[in-house]
>>> print(open('structure-v7.cif').read())   # mmCIF, C-alpha atoms and all ligand atoms
data_work
loop_
_atom_site.group_PDB
_atom_site.id
_atom_site.type_symbol
_atom_site.label_atom_id
_atom_site.label_comp_id
_atom_site.auth_asym_id
_atom_site.auth_seq_id
_atom_site.Cartn_x
_atom_site.Cartn_y
_atom_site.Cartn_z
ATOM 1 C CA MET A 1 -9.412 -2.525 23.910
ATOM 2 C CA THR A 2 -11.706 -5.154 22.439
ATOM 3 C CA ALA A 3 -13.809 -5.395 25.614
ATOM 4 C CA GLY A 4 -17.452 -4.917 24.802
ATOM 5 C CA LEU A 5 -16.898 -5.739 21.144
ATOM 6 C CA ASP A 6 -20.265 -6.395 19.479
ATOM 7 C CA LEU A 7 -19.630 -9.671 17.692
ATOM 8 C CA GLY A 8 -23.182 -9.724 16.368
ATOM 9 C CA ARG A 9 -22.085 -7.537 13.515
ATOM 10 C CA PRO A 10 -18.886 -7.591 11.428
ATOM 11 C CA GLN A 11 -16.122 -5.366 12.698
ATOM 12 C CA THR A 12 -14.635 -3.066 10.074
ATOM 13 C CA GLN A 13 -11.227 -1.494 10.299
ATOM 14 C CA ALA A 14 -8.953 0.522 8.033
ATOM 15 C CA ILE A 15 -5.578 -0.868 6.986
ATOM 16 C CA ALA A 16 -3.312 2.100 6.460
ATOM 17 C CA SER A 17 -0.297 1.509 8.696
ATOM 18 C CA ASP A 18 1.788 -1.136 10.447
ATOM 19 C CA GLU A 19 -0.148 -0.371 13.634
ATOM 20 C CA ASP A 20 -3.360 -1.219 11.797
ATOM 21 C CA VAL A 21 -1.897 -4.602 10.859
ATOM 22 C CA VAL A 22 -1.233 -5.234 14.556
ATOM 23 C CA ARG A 23 -4.827 -4.225 15.330
ATOM 24 C CA VAL A 24 -6.108 -6.648 12.674
ATOM 25 C CA ARG A 25 -4.193 -9.444 14.378
ATOM 26 C CA GLN A 26 -5.742 -8.540 17.748
ATOM 27 C CA LEU A 27 -9.252 -8.287 16.334
ATOM 28 C CA VAL A 28 -8.981 -11.636 14.541
ATOM 29 C CA ARG A 29 -7.632 -13.293 17.689
ATOM 30 C CA THR A 30 -10.563 -11.934 19.717
ATOM 31 C CA VAL A 31 -13.193 -13.201 17.289
ATOM 32 C CA ALA A 32 -11.393 -16.556 16.913
ATOM 33 C CA VAL A 33 -11.492 -17.012 20.693
ATOM 34 C CA ALA A 34 -15.177 -16.051 20.742
ATOM 35 C CA VAL A 35 -16.085 -18.824 18.286
ATOM 36 C CA LYS A 36 -13.889 -21.248 20.221
ATOM 37 C CA LEU A 37 -11.315 -22.045 17.579
ATOM 38 C CA SER A 38 -8.537 -24.203 19.009
ATOM 39 C CA LEU A 39 -5.351 -22.401 19.946
ATOM 40 C CA VAL A 40 -3.621 -23.869 16.877
ATOM 41 C CA ASP A 41 -6.445 -22.742 14.580
ATOM 42 C CA GLN A 42 -6.490 -19.285 16.180
ATOM 43 C CA THR A 43 -2.813 -18.946 15.412
ATOM 44 C CA LYS A 44 -3.216 -20.206 11.840
ATOM 45 C CA LEU A 45 -5.984 -17.692 11.201
ATOM 46 C CA VAL A 46 -4.105 -14.810 12.813
ATOM 47 C CA THR A 47 -1.037 -15.673 10.734
ATOM 48 C CA ALA A 48 -3.061 -15.764 7.512
ATOM 49 C CA ALA A 49 -4.790 -12.484 8.400
ATOM 50 C CA SER A 50 -1.467 -10.857 9.141
ATOM 51 C CA GLU A 51 -0.080 -11.794 5.704
ATOM 52 C CA LEU A 52 -3.224 -10.626 3.921
ATOM 53 C CA ALA A 53 -3.367 -7.368 5.862
ATOM 54 C CA ARG A 54 0.261 -6.725 4.968
ATOM 55 C CA ASN A 55 -0.476 -7.334 1.276
ATOM 56 C CA THR A 56 -3.432 -4.934 1.481
ATOM 57 C CA LEU A 57 -1.118 -2.315 2.946
ATOM 58 C CA VAL A 58 1.961 -2.877 0.765
ATOM 59 C CA TYR A 59 0.501 -3.795 -2.641
ATOM 60 C CA GLY A 60 -3.043 -2.511 -2.339
ATOM 61 C CA GLY A 61 -1.889 0.857 -1.055
ATOM 62 C CA GLY A 62 -4.068 0.379 2.004
ATOM 63 C CA GLY A 63 -7.673 -0.636 2.322
ATOM 64 C CA SER A 64 -9.995 -2.150 4.841
ATOM 65 C CA VAL A 65 -10.792 -5.352 6.649
ATOM 66 C CA GLU A 66 -14.078 -6.764 7.872
ATOM 67 C CA VAL A 67 -14.043 -9.501 10.522
ATOM 68 C CA GLY A 68 -17.270 -11.335 11.197
ATOM 69 C CA LEU A 69 -18.759 -14.393 12.771
ATOM 70 C CA VAL A 70 -20.414 -17.020 10.567
ATOM 71 C CA ASP A 71 -22.671 -19.938 11.477
ATOM 72 C CA ASN A 72 -23.684 -22.764 9.130
ATOM 73 C CA GLY A 73 -26.011 -24.425 11.629
ATOM 74 C CA ARG A 74 -23.387 -26.986 12.599
ATOM 75 C CA ARG A 75 -20.341 -24.879 13.254
ATOM 76 C CA ARG A 76 -19.350 -21.361 13.897
ATOM 77 C CA GLY A 77 -16.441 -19.711 12.210
ATOM 78 C CA VAL A 78 -14.645 -16.491 11.440
ATOM 79 C CA ARG A 79 -14.880 -14.819 8.038
ATOM 80 C CA ILE A 80 -12.487 -12.051 7.105
ATOM 81 C CA VAL A 81 -12.656 -9.854 4.021
ATOM 82 C CA PHE A 82 -9.675 -7.728 2.957
ATOM 83 C CA ALA A 83 -10.413 -5.095 0.341
ATOM 84 C CA ASP A 84 -8.307 -2.548 -1.469
ATOM 85 C CA GLU A 85 -8.628 -0.342 -4.523
ATOM 86 C CA GLY A 86 -5.036 -0.835 -5.599
ATOM 87 C CA PRO A 87 -3.590 -2.096 -8.902
ATOM 88 C CA GLY A 88 -5.145 -5.565 -8.710
ATOM 89 C CA ILE A 89 -3.381 -8.813 -9.586
ATOM 90 C CA ALA A 90 -2.871 -9.532 -13.286
ATOM 91 C CA ASP A 91 -2.002 -13.226 -12.978
ATOM 92 C CA LEU A 92 -3.663 -14.775 -9.958
ATOM 93 C CA ASP A 93 -2.260 -18.281 -10.493
ATOM 94 C CA LEU A 94 1.220 -16.837 -10.565
ATOM 95 C CA ALA A 95 0.589 -14.709 -7.470
ATOM 96 C CA LEU A 96 -0.547 -17.838 -5.632
ATOM 97 C CA THR A 97 2.624 -19.723 -6.528
ATOM 98 C CA ASP A 98 5.044 -20.303 -3.649
ATOM 99 C CA GLY A 99 7.979 -17.942 -4.017
ATOM 100 C CA TYR A 100 6.422 -15.506 -6.480
ATOM 101 C CA THR A 101 6.883 -11.899 -5.395
ATOM 102 C CA THR A 102 6.948 -8.535 -7.100
ATOM 103 C CA GLY A 103 8.038 -6.783 -3.935
ATOM 104 C CA GLY A 104 11.186 -8.583 -2.852
ATOM 105 C CA GLY A 105 9.318 -10.617 -0.247
ATOM 106 C CA LEU A 106 9.425 -14.372 0.197
ATOM 107 C CA GLY A 107 6.364 -14.796 -1.984
ATOM 108 C CA LEU A 108 4.761 -17.022 0.609
ATOM 109 C CA GLY A 109 2.036 -14.738 1.967
ATOM 110 C CA LEU A 110 -0.857 -15.584 -0.331
ATOM 111 C CA SER A 111 0.006 -19.246 -0.841
ATOM 112 C CA GLY A 112 0.684 -19.715 2.863
ATOM 113 C CA ALA A 113 -2.518 -17.955 3.884
ATOM 114 C CA ARG A 114 -4.496 -20.193 1.556
ATOM 115 C CA ARG A 115 -3.136 -23.299 3.284
ATOM 116 C CA LEU A 116 -3.918 -21.952 6.755
ATOM 117 C CA VAL A 117 -7.661 -21.417 6.288
ATOM 118 C CA ASP A 118 -10.666 -23.561 5.304
ATOM 119 C CA GLU A 119 -12.031 -21.315 2.555
ATOM 120 C CA PHE A 120 -10.078 -18.871 0.423
ATOM 121 C CA ASP A 121 -11.344 -16.669 -2.366
ATOM 122 C CA ILE A 122 -9.801 -13.818 -4.331
ATOM 123 C CA GLU A 123 -11.601 -11.388 -6.591
ATOM 124 C CA THR A 124 -9.289 -9.011 -8.359
ATOM 125 C CA ALA A 125 -9.341 -6.751 -11.386
ATOM 126 C CA VAL A 126 -6.383 -4.893 -12.847
ATOM 127 C CA GLY A 127 -6.677 -1.203 -12.086
ATOM 128 C CA ARG A 128 -9.663 -1.775 -9.816
ATOM 129 C CA GLY A 129 -8.456 -3.570 -6.711
ATOM 130 C CA THR A 130 -8.444 -6.820 -4.824
ATOM 131 C CA ARG A 131 -10.770 -8.526 -2.383
ATOM 132 C CA VAL A 132 -9.609 -11.581 -0.457
ATOM 133 C CA THR A 133 -12.124 -13.537 1.628
ATOM 134 C CA VAL A 134 -11.063 -16.256 4.064
ATOM 135 C CA THR A 135 -13.039 -18.404 6.473
ATOM 136 C CA LYS A 136 -11.994 -20.719 9.252
ATOM 137 C CA TRP A 137 -14.520 -23.021 10.959
ATOM 138 C CA SER A 138 -14.496 -24.403 14.454
ATOM 139 C CA ARG A 139 -14.190 -28.202 14.521
HETATM 140 N N1 LIG A 201 -3.638 -6.809 -2.482
HETATM 141 C C1 LIG A 201 -2.798 -6.963 -3.493
HETATM 142 N N2 LIG A 201 -2.825 -6.105 -4.539
HETATM 143 C C2 LIG A 201 -1.971 -6.247 -5.591
HETATM 144 N N3 LIG A 201 -1.063 -7.242 -5.690
HETATM 145 C C3 LIG A 201 -0.999 -8.127 -4.681
HETATM 146 C C4 LIG A 201 -1.853 -8.044 -3.539
HETATM 147 N N4 LIG A 201 -1.545 -9.081 -2.727
HETATM 148 C C5 LIG A 201 -0.572 -9.757 -3.331
HETATM 149 N N5 LIG A 201 -0.221 -9.199 -4.506
HETATM 150 C C6 LIG A 201 0.793 -9.684 -5.469
HETATM 151 O O1 LIG A 201 0.988 -11.067 -5.235
HETATM 152 C C7 LIG A 201 2.381 -11.304 -4.977
HETATM 153 C C8 LIG A 201 2.494 -12.462 -4.025
HETATM 154 O O2 LIG A 201 2.006 -12.101 -2.729
HETATM 155 P P1 LIG A 201 2.586 -12.856 -1.461
HETATM 156 O O3 LIG A 201 1.942 -12.291 -0.243
HETATM 157 O O4 LIG A 201 2.457 -14.317 -1.699
HETATM 158 O O5 LIG A 201 4.133 -12.515 -1.509
HETATM 159 P P2 LIG A 201 4.898 -11.181 -1.072
HETATM 160 O O6 LIG A 201 3.976 -10.263 -0.326
HETATM 161 O O7 LIG A 201 5.567 -10.639 -2.269
HETATM 162 O O8 LIG A 201 5.987 -11.761 -0.064
HETATM 163 P P3 LIG A 201 5.713 -12.252 1.434
HETATM 164 O O9 LIG A 201 4.255 -12.141 1.709
HETATM 165 O O10 LIG A 201 6.168 -13.686 1.480
HETATM 166 O O11 LIG A 201 6.541 -11.340 2.260
HETATM 167 C C9 LIG A 201 2.908 -9.991 -4.454
HETATM 168 O O12 LIG A 201 4.295 -9.881 -4.629
HETATM 169 C C10 LIG A 201 2.120 -8.999 -5.304
HETATM 170 O O13 LIG A 201 2.685 -8.899 -6.596
HETATM 171 MG MG MG A 202 2.741 -10.888 1.189
#
>>> encode(input="structure-v7.cif", output="structure tokens")
Amino acid sequence: MTAGLDLGRPQTQAIASDEDVVRVRQLVRTVAVAVKLSLVDQTKLVTAASELARNTLVYGGGGSVEVGLVDNGRRRGVRIVFADEGPGIADLDLALTDGYTTGGGLGLGLSGARRLVDEFDIETAVGRGTRVTVTKWSR
């Protein structure tokens, strides 16, 4: 399915269903292998991406993901941007607290994802939406 993927440009995909979340996992795995992340780091990144994709679907009401390759001259890495135009997050610090959930989850998705990647950034505005950007570098 991902054969012939052009990694020279970011891959964009909709997140509108559980199947899309599975596809995000596959896409992230493929790009992580391409930049030679270790197996452990591949799995960390796929796990983080899975949580963030699920949040985009469940809380954001769906959205999109962009998976791209980055290069800082010393290392290569994978950068993933999740975007939705949902309700946004009113209290980001609270949302990032272990165990905080408004949806009856474990409240470990955002906080866990943050620990699994090298760079983690959230831009959110109430009533406008949420954009989460994560990066993991090869080492
Ligand atoms: N994209 C989003 N848009 C709006 N709110 C969000 C978004 N992502 C997360 N949130 C809010 O942040 C809270 C914490 O998210 P987190 O992923 O940590 O936990 P959860 O999804 O509730 O449970 P879990 O991921 O452990 O199953 C959510 O309950 C929700 O209120
Ligand atoms: Mg979650």
>>> closest_residue(input="structure-v7.cif", among="A:Thr135, A:Asn72, A:Thr130, A:Ser111", to="Glu51 in chain A", atoms="all atoms listed in the file")
A:Ser111
>>> residues_near_ligand(input="structure-v7.cif", ligand="ligand LIG 201 (chain A)", cutoff="8 Å", atoms="only C-alpha atoms and all ligand atoms", output="PyMOL selection string")
chain A and resi 51-52+54-61+83-84+86-89+92+94-112+129-132
>>> atom_distance(input="structure-v7.cif", atom1="CA of Ile15 in chain A", atom2="CA of Ser50 in chain A")
11.0 Å
>>> atom_distance(input="structure-v7.cif", atom1="CA of Trp137 in chain A", atom2="CA of Arg76 in chain A")
5.9 Å
>>> closest_residue(input="structure-v7.cif", among="A:Val117, A:Ala53, A:Leu37, A:Val70", to="Gly8 in chain A", atoms="all atoms listed in the file")
A:Val70
>>> resolve_selection(input="structure-v7.cif", expression="the PyMOL selection byres (((chain A and resi 66) around 7) and not hetatm)", output="compact mmCIF listing (two decimals) with C-alpha atoms, in the coordinates of the input")
# COMPACT_ATOMS: atom_id res chain seq x y z
CA PRO A 10 -18.89 -7.59 11.43
CA GLN A 11 -16.12 -5.37 12.70
CA THR A 12 -14.64 -3.07 10.07
CA GLN A 13 -11.23 -1.49 10.30
CA SER A 64 -9.99 -2.15 4.84
CA VAL A 65 -10.79 -5.35 6.65
CA VAL A 67 -14.04 -9.50 10.52
CA GLY A 68 -17.27 -11.34 11.20
CA ILE A 80 -12.49 -12.05 7.10
CA VAL A 81 -12.66 -9.85 4.02
CA PHE A 82 -9.68 -7.73 2.96
>>> closest_residue(input="structure-v7.cif", among="A:Arg115, A:Lys36, A:Arg23, A:Arg128", to="Ala48 in chain A", atoms="all atoms listed in the file")
A:Arg115
>>> residues_around(input="structure-v7.cif", residues="Leu116 in chain A", least_positions_apart="6", cutoff="9 Å", atoms="only C-alpha atoms", output="MDAnalysis selection string")
chainID A and resid 41 44:45 47:48 136
>>> atom_distance(input="structure-v7.cif", atom1="CA of Ala14 in chain A", atom2="CA of Glu85 in chain A")
12.6 Å
>>> closest_residue(input="structure-v7.cif", among="A:Asp93, A:Val28, A:Ala49, A:Ala125", to="ligand MG 202 (chain A)", atoms="only C-alpha atoms and all ligand atoms")
A:Ala49
>>> closest_residue(input="structure-v7.cif", among="A:Gly127, A:Thr43, A:Val134, A:Ala113", to="ligand MG 202 (chain A)", atoms="only C-alpha atoms and all ligand atoms")
A:Ala113
>>> axis_aligned_box(input="structure-v7.cif", around="range 26-29 of chain A", padding_each_side="8 Å", output="AutoDock Vina command-line options")
--center_x -7.5 --center_y -10.8 --center_z 16.1 --size_x 19.5 --size_y 21.0 --size_z 19.2
>>> resolve_selection(input="structure-v7.cif", expression="the PyMOL selection byres (((chain A and resi 31) around 8) and not hetatm)", output="short mmCIF file (atom, residue, chain, number, x, y, z; two decimals) with C-alpha atoms, keeping the file's coordinate frame")
data_model
loop_
_atom_site.label_atom_id
_atom_site.label_comp_id
_atom_site.auth_asym_id
_atom_site.auth_seq_id
_atom_site.Cartn_x
_atom_site.Cartn_y
_atom_site.Cartn_z
CA LEU A 7 -19.63 -9.67 17.69
CA LEU A 27 -9.25 -8.29 16.33
CA VAL A 28 -8.98 -11.64 14.54
CA ARG A 29 -7.63 -13.29 17.69
CA THR A 30 -10.56 -11.93 19.72
CA ALA A 32 -11.39 -16.56 16.91
CA VAL A 33 -11.49 -17.01 20.69
CA ALA A 34 -15.18 -16.05 20.74
CA VAL A 35 -16.08 -18.82 18.29
CA VAL A 67 -14.04 -9.50 10.52
CA GLY A 68 -17.27 -11.34 11.20
CA LEU A 69 -18.76 -14.39 12.77
CA VAL A 78 -14.64 -16.49 11.44
#
>>> closest_residue(input="structure-v7.cif", among="A:Phe120, A:Arg79, A:Arg114, A:Ser138", to="ligand MG 202 (chain A)", atoms="all atoms listed in the file")
A:Arg114
